[in-house]
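S.K.: This is model-v9.cif, which holds mmCIF, C-alpha atoms and all ligand atoms:
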```cif
data_structure
loop_
_atom_site.label_atom_id
_atom_site.label_comp_id
_atom_site.auth_asym_id
_atom_site.auth_seq_id
_atom_site.Cartn_x
_atom_site.Cartn_y
_atom_site.Cartn_z
CA MET V 344 -22.54 0.06 -15.81
CA SER V 345 -21.75 -3.19 -13.94
CA ALA V 346 -19.83 -3.23 -10.65
CA GLU V 347 -16.85 -4.75 -12.47
CA ALA V 348 -16.89 -2.06 -15.17
CA ARG V 349 -17.03 0.63 -12.46
CA ALA V 350 -14.08 -1.00 -10.65
CA ARG V 351 -12.07 -1.07 -13.90
CA GLU V 352 -12.72 2.65 -14.46
CA ALA V 353 -11.87 3.49 -10.83
CA ILE V 354 -8.52 1.63 -10.97
CA CYS V 355 -7.49 3.47 -14.14
CA ARG V 356 -8.60 6.86 -12.76
CA LEU V 357 -6.62 6.32 -9.56
CA GLY V 358 -3.57 5.09 -11.51
CA ALA V 359 -3.59 8.22 -13.69
CA SER V 360 -3.97 10.46 -10.63
CA ILE V 361 -1.15 8.74 -8.71
CA PHE V 362 1.14 8.92 -11.74
CA ALA V 363 0.31 12.58 -12.47
CA ARG V 364 1.21 13.53 -8.89
CA GLY V 365 4.59 11.78 -9.03
CA LEU V 366 3.68 9.14 -6.46
CA THR V 367 4.94 6.47 -8.82
CA PHE V 368 7.20 6.39 -11.87
CA GLY V 369 8.20 4.07 -14.71
CA SER V 370 6.06 0.92 -14.47
CA SER V 371 6.33 0.69 -10.66
CA GLY V 372 3.35 0.51 -8.34
CA ASN V 373 0.24 -1.62 -8.62
CA ILE V 374 -3.45 -1.48 -7.73
CA SER V 375 -6.08 -4.20 -7.22
CA VAL V 376 -9.78 -4.44 -6.37
CA ARG V 377 -11.76 -7.43 -5.15
CA ILE V 378 -14.72 -8.31 -7.42
CA ALA V 379 -17.47 -10.94 -7.08
CA ASP V 380 -15.47 -13.82 -8.61
CA GLY V 381 -11.85 -12.78 -7.95
CA TYR V 382 -9.67 -9.71 -8.39
CA LEU V 383 -8.88 -7.02 -10.93
CA MET V 384 -5.19 -6.09 -10.95
CA THR V 385 -2.94 -3.73 -12.87
CA PRO V 386 -0.81 -5.55 -15.49
CA THR V 387 2.94 -6.09 -15.41
CA ASN V 388 5.24 -3.62 -17.20
CA VAL V 389 2.66 -0.88 -17.67
CA SER V 390 2.75 2.66 -16.30
CA LEU V 391 -0.04 3.50 -13.86
CA GLY V 392 -0.45 6.62 -15.99
CA GLU V 393 -1.45 4.59 -19.06
CA LEU V 394 -3.85 1.93 -17.82
CA ASP V 395 -6.56 0.60 -20.14
CA PRO V 396 -9.74 -0.58 -18.35
CA ALA V 397 -10.22 -3.39 -20.90
CA ARG V 398 -6.69 -4.81 -20.39
CA LEU V 399 -6.53 -5.04 -16.58
CA ALA V 400 -5.71 -8.56 -15.36
CA LYS V 401 -8.74 -10.45 -14.06
CA LEU V 402 -7.71 -13.17 -11.63
CA ALA V 403 -9.66 -15.99 -10.02
CA LEU V 404 -9.49 -16.25 -6.23
CA ASP V 405 -6.61 -18.75 -6.58
CA GLY V 406 -4.63 -16.30 -8.72
CA THR V 407 -5.32 -17.93 -12.13
CA LEU V 408 -5.45 -15.37 -14.96
CA LEU V 409 -9.02 -15.36 -16.36
CA ALA V 410 -8.80 -12.43 -18.77
CA GLY V 411 -6.69 -9.43 -19.71
CA ASP V 412 -2.93 -8.91 -19.62
CA ALA V 413 -0.62 -10.78 -17.22
CA PRO V 414 -0.84 -9.24 -13.73
CA THR V 415 1.91 -7.37 -11.93
CA LYS V 416 4.74 -9.63 -10.75
CA GLU V 417 3.88 -8.35 -7.26
CA SER V 418 0.35 -9.83 -7.35
CA PHE V 419 1.33 -12.11 -4.45
CA LEU V 420 1.54 -9.05 -2.16
CA HIS V 421 -2.08 -8.23 -2.95
CA ARG V 422 -3.31 -11.80 -2.52
CA ALA V 423 -1.51 -12.11 0.82
CA MET V 424 -3.43 -9.03 2.03
CA TYR V 425 -6.82 -10.25 0.75
CA GLU V 426 -6.34 -13.74 2.16
CA GLU V 427 -5.71 -12.39 5.65
CA ARG V 428 -8.19 -9.50 5.55
CA GLY V 429 -11.75 -10.55 4.74
CA ALA V 430 -12.95 -6.93 4.73
CA ALA V 431 -10.27 -5.70 2.30
CA GLU V 432 -11.81 -4.58 -0.99
CA ALA V 433 -8.74 -2.94 -2.53
CA VAL V 434 -4.93 -2.94 -2.21
CA VAL V 435 -2.44 -0.32 -3.38
CA HIS V 436 1.36 -0.80 -3.47
CA LEU V 437 3.72 2.04 -4.40
CA HIS V 438 7.43 2.77 -4.65
CA SER V 439 6.65 6.35 -3.60
CA THR V 440 9.88 8.22 -2.85
CA HIS V 441 9.45 9.33 0.77
CA SER V 442 7.96 6.05 1.95
CA VAL V 443 10.81 4.16 0.27
CA ALA V 444 13.32 6.53 1.92
CA VAL V 445 11.82 5.78 5.33
CA SER V 446 11.92 2.05 4.52
CA CYS V 447 15.73 2.40 4.19
CA LEU V 448 16.34 4.19 7.52
CA ALA V 449 18.49 2.41 10.11
CA ASP V 450 17.47 2.11 13.76
CA VAL V 451 13.69 2.32 13.29
CA ASP V 452 11.21 0.42 15.47
CA PRO V 453 10.24 -2.53 13.22
CA ALA V 454 6.92 -2.85 15.05
CA ASN V 455 5.94 0.72 14.13
CA VAL V 456 8.21 2.62 11.77
CA LEU V 457 6.68 6.11 11.89
CA PRO V 458 5.91 8.14 15.03
CA PRO V 459 2.41 9.63 15.56
CA ILE V 460 3.09 12.96 13.82
CA THR V 461 -0.49 13.93 12.90
CA ALA V 462 -4.00 12.84 13.85
CA TYR V 463 -4.92 11.92 10.26
CA TYR V 464 -1.94 9.60 9.95
CA VAL V 465 -2.89 7.81 13.15
CA MET V 466 -6.54 7.50 12.04
CA ARG V 467 -5.84 6.34 8.47
CA VAL V 468 -2.72 4.22 8.97
CA GLY V 469 -2.36 3.59 12.72
CA THR V 470 0.71 1.45 13.26
CA LEU V 471 3.09 0.57 10.43
CA PRO V 472 5.25 -2.55 10.83
CA LEU V 473 8.44 -2.98 8.77
CA ILE V 474 8.78 -6.22 6.82
CA PRO V 475 12.42 -7.30 6.45
CA TYR V 476 14.10 -7.11 3.05
CA PHE V 477 13.70 -10.03 0.65
CA ARG V 478 14.92 -10.09 -2.95
CA PRO V 479 12.16 -9.49 -5.55
CA GLY V 480 10.17 -12.66 -6.20
CA ASP V 481 11.26 -14.44 -2.99
CA PRO V 482 8.16 -16.36 -1.75
CA LYS V 483 9.27 -15.62 1.83
CA LEU V 484 8.13 -12.02 1.23
CA ALA V 485 4.52 -13.18 0.74
CA ASP V 486 4.75 -15.25 3.95
CA ALA V 487 6.11 -12.23 5.84
CA VAL V 488 3.26 -10.00 4.58
CA ARG V 489 0.73 -12.72 5.42
CA SER V 490 2.05 -12.98 8.97
CA LEU V 491 1.30 -9.28 9.66
CA ALA V 492 -1.65 -8.56 7.35
CA GLY V 493 -4.27 -9.95 9.74
CA LYS V 494 -3.44 -7.24 12.29
CA HIS V 495 -2.29 -4.43 9.97
CA HIS V 496 -3.91 -2.96 6.84
CA ALA V 497 -0.66 -1.09 6.09
CA VAL V 498 2.86 -2.55 6.05
CA LEU V 499 6.20 -1.17 4.85
CA LEU V 500 8.57 -3.45 2.93
CA ALA V 501 12.19 -2.66 3.84
CA ASN V 502 14.18 -0.98 1.03
CA HIS V 503 11.09 -1.27 -1.19
CA GLY V 504 7.81 0.51 -0.28
CA PRO V 505 4.35 0.38 1.33
CA VAL V 506 1.44 -2.05 0.77
CA VAL V 507 -1.94 -0.78 1.99
CA ALA V 508 -5.37 -2.45 2.00
CA GLY V 509 -8.71 -0.66 2.39
CA THR V 510 -12.42 -1.37 2.67
CA SER V 511 -12.73 0.53 -0.64
CA LEU V 512 -10.33 1.70 -3.33
CA GLY V 513 -10.78 5.26 -2.06
CA ALA V 514 -9.89 4.23 1.50
CA ALA V 515 -6.76 2.34 0.39
CA ALA V 516 -5.66 5.32 -1.73
CA ALA V 517 -6.30 7.83 1.06
CA ALA V 518 -4.30 5.72 3.52
CA ILE V 519 -1.26 5.19 1.26
CA GLU V 520 -1.24 8.91 0.34
CA GLU V 521 -1.41 9.87 4.03
CA LEU V 522 1.46 7.45 4.66
CA GLU V 523 3.57 9.02 1.89
CA GLU V 524 2.97 12.56 3.20
CA THR V 525 3.75 11.47 6.76
CA ALA V 526 6.98 9.83 5.56
CA ARG V 527 7.86 13.16 3.93
CA LEU V 528 7.13 15.05 7.16
CA HIS V 529 9.18 12.52 9.14
CA LEU V 530 12.19 13.15 6.88
CA LEU V 531 11.69 16.94 7.08
CA LEU V 532 11.70 16.70 10.87
CA GLN V 533 14.96 14.69 11.09
CA GLY V 534 17.35 16.72 13.22
CA HIS V 535 14.58 18.96 14.58
CA ARG V 536 13.32 18.67 18.14
CA THR V 537 9.78 17.38 17.60
CA ARG V 538 6.64 17.17 19.71
CA PHE V 539 4.83 14.03 18.55
CA LEU V 540 1.31 13.14 19.68
CA THR V 541 1.41 11.48 23.09
CA GLU V 542 0.67 7.78 23.54
CA ALA V 543 -2.69 8.73 25.09
CA GLN V 544 -3.59 11.01 22.17
CA ALA V 545 -2.67 8.32 19.62
CA TRP V 546 -4.58 5.68 21.60
CA GLU V 547 -7.70 7.84 21.59
CA LEU V 548 -7.46 8.31 17.79
CA ARG V 549 -7.12 4.55 17.23
CA GLY V 550 -10.51 4.19 18.89
CA GLY V 551 -9.34 3.73 22.49
ZN ZN K 601 7.15 -3.16 -5.33
#
```
Would you mind writing the file's structure down as structure tokens?
Ligand SMILES: [Zn+2]
M.R.:
Amino acid sequence: MSAEARAREAICRLGASIFARGLTFGSSGNISVRIADGYLMTPTNVSLGELDPARLAKLALDGTLLAGDAPTKESFLHRAMYEERGAAEAVVHLHSTHSVAVSCLADVDPANVLPPITAYYVMRVGTLPLIPYFRPGDPKLADAVRSLAGKHHAVLLANHGPVVAGTSLGAAAAAIEELEETARLHLLLQGHRTRFLTEAQAWELRGG
């Protein structure tokens, strides 16, 4: 099987798994993988639970559709990540409930929305900047993602959801799932006195 065929299968397997676990719903959420001559991306208006490997959108590096169904309308989020992160091989964007809830909280630190609750969150996500709200389709949203993507493989779009890049599809999926679970823990801990990891402990986990 070619590398592209393997990537197509992997995207559909991940989509089905994400959908089955309730991390996305309706036709929300999208997945992409970098291939030799461009990107594979999930199509617009299709449930991640019902992806067909043969119908994924295949895009050239400039975003032109080469084959398959039209890509997600949020393809610009993925391209902004790839363009700023040479090592990114995959991008996952979800409207997963707890992450979206956190993206709607008032009075968060926009430079780093979630506190260092667990070691795995710090290792897989690190710091999570909040990107201000823009209406769907506003090109300023791509510019805002681009401005932070060089320094951050994970960003949270206000009142919308997370976008996470990884050096493999598995790494991007693991990071966005860790983010979703940490968002859930953060909400569970609201109103409880909490002992977060210290700055020194978080610094050590980020590689010092
Ligand atoms: Zn979205």
S.K.: Name the residues, by chain letter and number, that sit within 9 Å of ligand ZN 601 (chain K) using only C-alpha atoms and all ligand atoms, and give them as an NGL selection string.
M.R.: :V and (371-373 or 416-417 or 420 or 436-438 or 479 or 500 or 503-506)
S.K.: Please identify all polymer residues within 8 Å of V:Leu383, counting only C-alpha atoms, omitting same-chain residues fewer than 5 positions from it, and present them as a PyMOL selection string.
M.R.: chain V and resi 350-351+375-378+399-402
S.K.: Now that the selection is made, can you save its residues with C-alpha atoms as a PDB file, in the coordinates of the input?
M.R.:
```pdb
ATOM      1  CA  ALA V 350     -14.080  -1.000 -10.650  1.00  0.00           C
ATOM      2  CA  ARG V 351     -12.070  -1.070 -13.900  1.00  0.00           C
ATOM      3  CA  SER V 375      -6.080  -4.200  -7.220  1.00  0.00           C
ATOM      4  CA  VAL V 376      -9.780  -4.440  -6.370  1.00  0.00           C
ATOM      5  CA  ARG V 377     -11.760  -7.430  -5.150  1.00  0.00           C
ATOM      6  CA  ILE V 378     -14.720  -8.310  -7.420  1.00  0.00           C
ATOM      7  CA  LEU V 399      -6.530  -5.040 -16.580  1.00  0.00           C
ATOM      8  CA  ALA V 400      -5.710  -8.560 -15.360  1.00  0.00           C
ATOM      9  CA  LYS V 401      -8.740 -10.450 -14.060  1.00  0.00           C
ATOM     10  CA  LEU V 402      -7.710 -13.170 -11.630  1.00  0.00           C
TER      11      LEU V 402
END
```
S.K.: Mind giving me the straight-line distance from atom CA of V:Val498 to atom CA of V:Ala403 in Å, one decimal?
M.R.: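 Value for the atom CA of V:Val498-atom CA of V:Ala403 distance: 24.4 Å.
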S.K.: For each of V:Leu473, V:Ala410, V:Val389, V:Ala346, take the minimum atom-to-atom distance to V:Val443, counting all atoms listed in the file, then give the residue where this is smallest.
M.R.: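 The shortest atom-to-atom distance to V:Val443 comes from V:Leu473.
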S.K.: Which is closest to V:Leu471 among V:Leu530, V:Leu491, V:Ala485, V:Met384, if we use all atoms listed in the file?
M.R.: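 The shortest atom-to-atom distance to V:Leu471 comes from V:Leu491.
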S.K.: Expressed in Å to a single decimal, how great is the separation between atom CA of V:Leu409 and atom CA of V:Met344?
M.R.: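 Calculated distance between atom CA of V:Leu409 and atom CA of V:Met344 is 20.5 Å.
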